Structure formats: C-alpha cells, structure tokens
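Student: Before we start, here is the structure in question, set down as structure tokens.
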Amino acid sequence: MREDRSAFATIRGPGVRYLGVARAPCEEYRGETSEMARNRVGVIGGGQLARMMIPPAVELGIDLRVLEEAEGMSADLAATGVGDYRDLDTVLAFAETVDVVTFDHEHVPPAILRELVGRGIPVHPGPDALLYAQDKLQMRAKLSELGLPVPDWAAVESADELGAFLADHGGRAVVKTARGGYDGKGVRVVTEASGADDWFLALAEDGHGGALLVEELVDFRRELAQLVARRPSGEVAAWPVVETVQRDGVCAEVIAPAPGAAGRVAQASADIARRVAEGLGVTGVLAVELFETTDDRVLINELAMRPHNSGHWSIEGAVTGQFEQHLRAVLDLPLGSTAPREDWSVMVNILGGPAEGTLQDRYPAALAAHPEAKFHGYGKAPRPGRKVGHVTVGGDDLDDVVYRARAAAAFFEG
C-alpha cells in the first residue's frame with residue numbers, strides 16, 4: 001500500500017491529513033460510503049492493537065478507519081488520517097467521518113473526548129470511564145469506593161509521606177506515577193523515603209503539582225488477567241482468566257486458561273472484571289490485571305480499557321477473539337461466544353526481534369518448522385525490548401503447547 005500513496009491526497013485540515021481519492025473532499029467521501037458499510041469505526045492510534053482490528057473488521061464488513069500519529073505505523077493499512085490525537089481540531093475532523101470512535105491507546109485528553117460526546121459522537125469507552133485508565137490515583141480511589149479488592153495504597157506528595165507509608169508496610173512498597181507508564185515504566189520498588197525524590201521533583205517542576213501512588217508490595221503467587229467485553233446496552237461477556245508471565249516488567253507469555261484456576265479463582269476474577277466494567281461504565285474490551293496472592297486473595301493491579309496483550313491468544317484460541325468482540329461491543333452488536341477452541345492456548349511475545357534483518361526474513365524457517373503455530377507481525381522495526389509480534393499455539397497437553405510456542409517464537413530472536 002505504501003507505493004500507492006502517490007495516488008492519495010490531503011483532503012481535510014487543519015492539523016490532520018486525510019488520505020483518500022484526490023477527487024473527493026471529506027464530505028463527499030463520507031457520502032459515497034455504501035449502504036453495506038454504514039458501521040464506520042474510527043480508531044485513534046495506529047499501533048498494533050488497531051492493526052489487529054483490521055481482519056475482523058473486514059470479515060464483518062465494518063468500515064475501519066484509523067487516525068495514526070505518523071505515516072507507516074502498524075495500522076497503516078487502515079489509516080485514513082495522520083495527525084496529533086492531542087489536537088482538538090484534528091480529532092474532530094477525524095471523528096466526523098465515522099459512526100463511533102474507539103482507541104488503540106488511552107492517551108487522548110479527556111477534554112477532547114468530552115467535546116466529541118458533546119457533539120453527539122459516540123465514544124467507547126467514554127471519557128468518564130477512560131479517566132480511570134489514564135490516572136492511577138483516580139482508579140484506585142474509585143475501585144476502593146466500589147468495594148473492589150485492591151492493594152493497600154495512598155497518594156503521597158512528599159518523601160515524608162512516602163516514609164510514613166513505608167514504616168506502616170514493612171519498609172518496602174511500590175511507587176507509581178499517576179499518569180503514563182506501561183510495560184514496567186513509571187513503576188519502581190522503594191525501600192527508603194528518598195526512593196522517589198526524582199519523581200517528586202519532576203512533579204514540582206512541571207508547575208501542576210500532584211501526587212504519586214504508593215502501594216503495599218504484594219506477596220503474590222502469580223499474575224493473572226481477566227478480559228471482559230461490555231456493550232453500551234449492558235451485555236457483558238468474559239473470557240477465561242489467564243496467567244501472564246512477566247519478564248523485566250513486560251508480558252512475555254500468556255497461558256489460557258490459567259492453570260489450576262477453575263472454580264473459586266476463575267469465578268472471583270470474572271466477578272471482579274464484571275463489577276469494574278459496570279461500576280466504571282466501561283464499553284468495549286476491558287482487561288483487569290490481577291495478583292493471585294500467597295494468602296489466596298485476588299487483587300486488582302491495573303486496568304486497560306481496550307484490547308490487551310493478555311487477550312491476543314483469543315484470536316485463534318477462542319470462538320470470538322478480543323478484536324472482533326471489541327468491534328461488536330463499540331457498535332452495540334450482540335457479543336460472540338468466548339468459549340476456548342482448545343484445551344490450552346499459549347501466546348509468546350516476540351520481544352526485540354532479530355538482531356539483523358526483519359521478522360519476514362525468519363518466516364520461511366519458522367513456518368516450515370512450526371506449521372501448527374500462528375504468527376503475527378506488527379509491522380515494526382526490531383528494537384531491544386520492543387513488542388514486534390507474537391506466536392500462539394494451541395493443544396491438549398500444556399507442557400507440549402508451551403514448548404512449541406516458545407520454540408516457534410525463538411526463530412525470531414537473536
């Protein structure tokens with residue numbers, strides 16, 4: 001598609017460039033949409049999550065449009081606009097061409113989303129819900145208000161306050177920046193009151209003040225993730241709870257369903273996620289990252305209000321994958337079955353990618369050695385630690401499935 005861009009032209013401003021047939025201004029382009037493609041979903045953000053929405057959109061006959069931050073991003077195949085998601089005019093111009101707006105990430109400023117809602121443009125998840133994925137302090141306060149299980153926490157504005165929390169929690173705690181941060185960024189374990197001095201200084205220097213989130217250092221047995229989808233009309237569907245394996249703060253593997261989680265843990269995880277979705281008014285896919293503690297509690301760690309890395313297994317491993325379900329949910333269509341297709345599915349992230357060449361260079365050998373594996377490339381250049389793709393394998397013997405998934409992913413390392 002890249003070589004055809006010369007046939008495209010800028011057709012709407014300001015701040016955003018729309019890629020369409022040069023003869024058609026934006027309003028005409030919208031009017032020419034066929035009756036069969038009235039379900040126009042606009043995705044803000046051009047990353048791999050938007051990319052993985054493309055196949056189910058094609059299958060369902062949905063007109064998927066993407067506002068990417070720069071040309072050539074992962075979801076470039078469906079990009080109809082290039083612009084800054086932090087610019088109101090840019091987002092409004094894009095939103096006017098679709099029937100509903102959703103997201104590849106959670107970073108669009110709330111004021112912009114409220115403007116869209118005020119103009120009658122459906123946004124899923126809405127700004128009132130998305131706030132709790134954007135601000136960890138707001139999230140912890142709301143979850144506590146709803147009586148949901150979370151680690152002991154506090155908002156701290158100084159080293160003295162952090163020191164007091166440490167004294168009450170055995171001298172160790174986890175500190176998080178309230179906004180931003182993912183894949184282990186913006187999170188650190190501290191054992192001294194001075195352990196977050198640089199973050200306190202940064203808050204003071206930005207002129208807005210604010211606080212950090214400090215939490216008890218949870219003694220957990222393993223990390224879990226529970227995904228659900230919720231329609232605006234209220235229907236909720238949950239996938240099986242999964243186990244996530246972290247490496248250097250980044251999700252490396254996902255096992256679906258979580259081994260040994262049938263019964264109480266599975267029920268508790270699904271119940272928590274449903275209560276979060278309903279209590280916060282989340283629409284679309286919601287991922288609730290959880291701790292299973294050594295004293296047999298299930299606690300909420302983080303929230304993501306979009307398709308999530310822990311749900312990639314569902315593309316092949318469930319009757320309805322998370323990306324199709326997300327599209328159904330934001331369009332308020334009936335949700336699909338979340339039942340697993342196989343006893344076990346294991347997803348392994350390709351982190352970093354080949355030291356030389358591209359993922360595509362490795363495909364001949366990988367595909368020949370593992371015809372049972374499903375490979376997904378994100379259209380990203382290799383870089384240490386970067387998620388550039390994933391591999392999923394299913395089967396009835398967990399040890400064998402784990403081995404084959406890791407072996408298939410290994411073709412793209414080094």
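Here, A, B, ... name the chains of the structure tokens in the order displayed, residue numbers run from 1 inside each chain, and ligands are numbered from 1 in the same displayed order.
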Running DSSP on the backbone, which parts of range 252-334 of chain A land in strand (DSSP E), as a PyMOL selection string?

Tutor: chain A and resi 252-256+284-293+298-304

Student: Let me see the file: selected residues, N, CA and C atoms, as a short mmCIF file (atom, residue, chain, number, x, y, z; two decimals), in the first residue's frame.

Tutor:
data_model
loop_
_atom_site.label_atom_id
_atom_site.label_comp_id
_atom_site.auth_asym_id
_atom_site.auth_seq_id
_atom_site.Cartn_x
_atom_site.Cartn_y
_atom_site.Cartn_z
N ALA A 252 5.67 -11.50 28.75
CA ALA A 252 6.41 -12.37 27.84
C ALA A 252 5.55 -13.51 27.33
N GLU A 253 4.70 -14.09 28.21
CA GLU A 253 3.88 -15.23 27.83
C GLU A 253 2.50 -15.13 28.48
N VAL A 254 1.52 -15.75 27.83
CA VAL A 254 0.18 -15.84 28.38
C VAL A 254 -0.29 -17.29 28.22
N ILE A 255 -0.83 -17.85 29.30
CA ILE A 255 -1.37 -19.21 29.27
C ILE A 255 -2.87 -19.14 29.50
N ALA A 256 -3.64 -19.67 28.55
CA ALA A 256 -5.09 -19.63 28.64
C ALA A 256 -5.67 -21.03 28.56
N GLY A 284 -16.73 -1.67 25.40
CA GLY A 284 -15.63 -2.26 24.64
C GLY A 284 -14.95 -3.32 25.49
N VAL A 285 -13.73 -3.67 25.12
CA VAL A 285 -12.97 -4.68 25.87
C VAL A 285 -12.27 -4.01 27.06
N LEU A 286 -12.34 -4.68 28.19
CA LEU A 286 -11.66 -4.26 29.41
C LEU A 286 -10.75 -5.38 29.87
N ALA A 287 -9.49 -5.05 30.16
CA ALA A 287 -8.55 -6.01 30.75
C ALA A 287 -8.27 -5.61 32.18
N VAL A 288 -8.45 -6.54 33.10
CA VAL A 288 -8.15 -6.30 34.51
C VAL A 288 -6.96 -7.18 34.87
N GLU A 289 -5.82 -6.55 35.13
CA GLU A 289 -4.63 -7.28 35.56
C GLU A 289 -4.74 -7.53 37.06
N LEU A 290 -4.45 -8.76 37.46
CA LEU A 290 -4.71 -9.20 38.83
C LEU A 290 -3.49 -9.85 39.46
N PHE A 291 -3.43 -9.78 40.78
CA PHE A 291 -2.49 -10.58 41.56
C PHE A 291 -3.25 -11.70 42.24
N GLU A 292 -2.76 -12.94 42.13
CA GLU A 292 -3.22 -14.02 43.00
C GLU A 292 -2.20 -14.12 44.12
N THR A 293 -2.59 -13.76 45.32
CA THR A 293 -1.64 -13.63 46.42
C THR A 293 -1.36 -14.97 47.08
N VAL A 298 -7.43 -12.39 45.51
CA VAL A 298 -7.28 -11.91 44.14
C VAL A 298 -7.45 -10.40 44.19
N LEU A 299 -6.38 -9.66 43.84
CA LEU A 299 -6.36 -8.20 43.94
C LEU A 299 -6.18 -7.57 42.56
N ILE A 300 -6.78 -6.41 42.37
CA ILE A 300 -6.64 -5.68 41.11
C ILE A 300 -5.31 -4.95 41.09
N ASN A 301 -4.56 -5.13 40.02
CA ASN A 301 -3.30 -4.42 39.82
C ASN A 301 -3.50 -3.22 38.90
N GLU A 302 -3.86 -3.47 37.64
CA GLU A 302 -4.01 -2.40 36.65
C GLU A 302 -5.25 -2.64 35.80
N LEU A 303 -5.67 -1.59 35.08
CA LEU A 303 -6.79 -1.68 34.15
C LEU A 303 -6.35 -1.21 32.77
N ALA A 304 -6.90 -1.83 31.73
CA ALA A 304 -6.72 -1.36 30.35
C ALA A 304 -8.07 -1.40 29.68
#

Student: Can I get the residues of range 205-249 of chain A within 12 Å of range 132-155 of chain A, each with the closest pair of atoms and their distance in Å to one decimal, using only C-alpha atoms, sorted chain first then ascending number, as a tab-separated table?

Tutor:
residue	atom	partner	partner_atom	distance
A:Gly210	CA	A:Ala155	CA	9.0
A:Ala211	CA	A:Ala155	CA	5.8
A:Leu212	CA	A:Ala155	CA	5.7
A:Leu213	CA	A:Ala155	CA	4.9
A:Val214	CA	A:Ala154	CA	5.5
A:Glu215	CA	A:Trp153	CA	4.2
A:Glu216	CA	A:Asp152	CA	5.5
A:Leu217	CA	A:Pro151	CA	8.1
A:Val218	CA	A:Pro151	CA	7.0
A:Asp219	CA	A:Pro151	CA	10.3
A:Phe220	CA	A:Pro151	CA	11.0

Student: Using only C-alpha atoms, I'd like a table of the residues in range 298-406 of chain A that come within 7 Å of range 54-77 of chain A; for each, show the closest atom pair and its distance in Å rounded to one decimal, ordered by chain and ascending number, as JSON lines.

Tutor:
{"residue": "A:Phe323", "atom": "CA", "partner": "A:Pro56", "partner_atom": "CA", "distance": 6.9}
{"residue": "A:Glu324", "atom": "CA", "partner": "A:Pro56", "partner_atom": "CA", "distance": 5.2}
{"residue": "A:Tyr378", "atom": "CA", "partner": "A:Ser74", "partner_atom": "CA", "distance": 5.7}
{"residue": "A:Gly379", "atom": "CA", "partner": "A:Ser74", "partner_atom": "CA", "distance": 5.1}
{"residue": "A:Lys380", "atom": "CA", "partner": "A:Ser74", "partner_atom": "CA", "distance": 6.4}

Student: Just give me the gap between CA of Ala229 in chain A and CA of Ala262 in chain A in Å, one decimal is fine.

Tutor: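 Between CA of Ala229 in chain A and CA of Ala262 in chain A the gap is 20.3 Å.
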
Student: Tell me which of A:Asp89, A:Glu96, A:Glu223, A:Asp399 sits closest to Ser310 in chain A, counting only C-alpha atoms.

Tutor: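 Looking at the shortest contact to Ser310 in chain A, the residue is A:Glu223.
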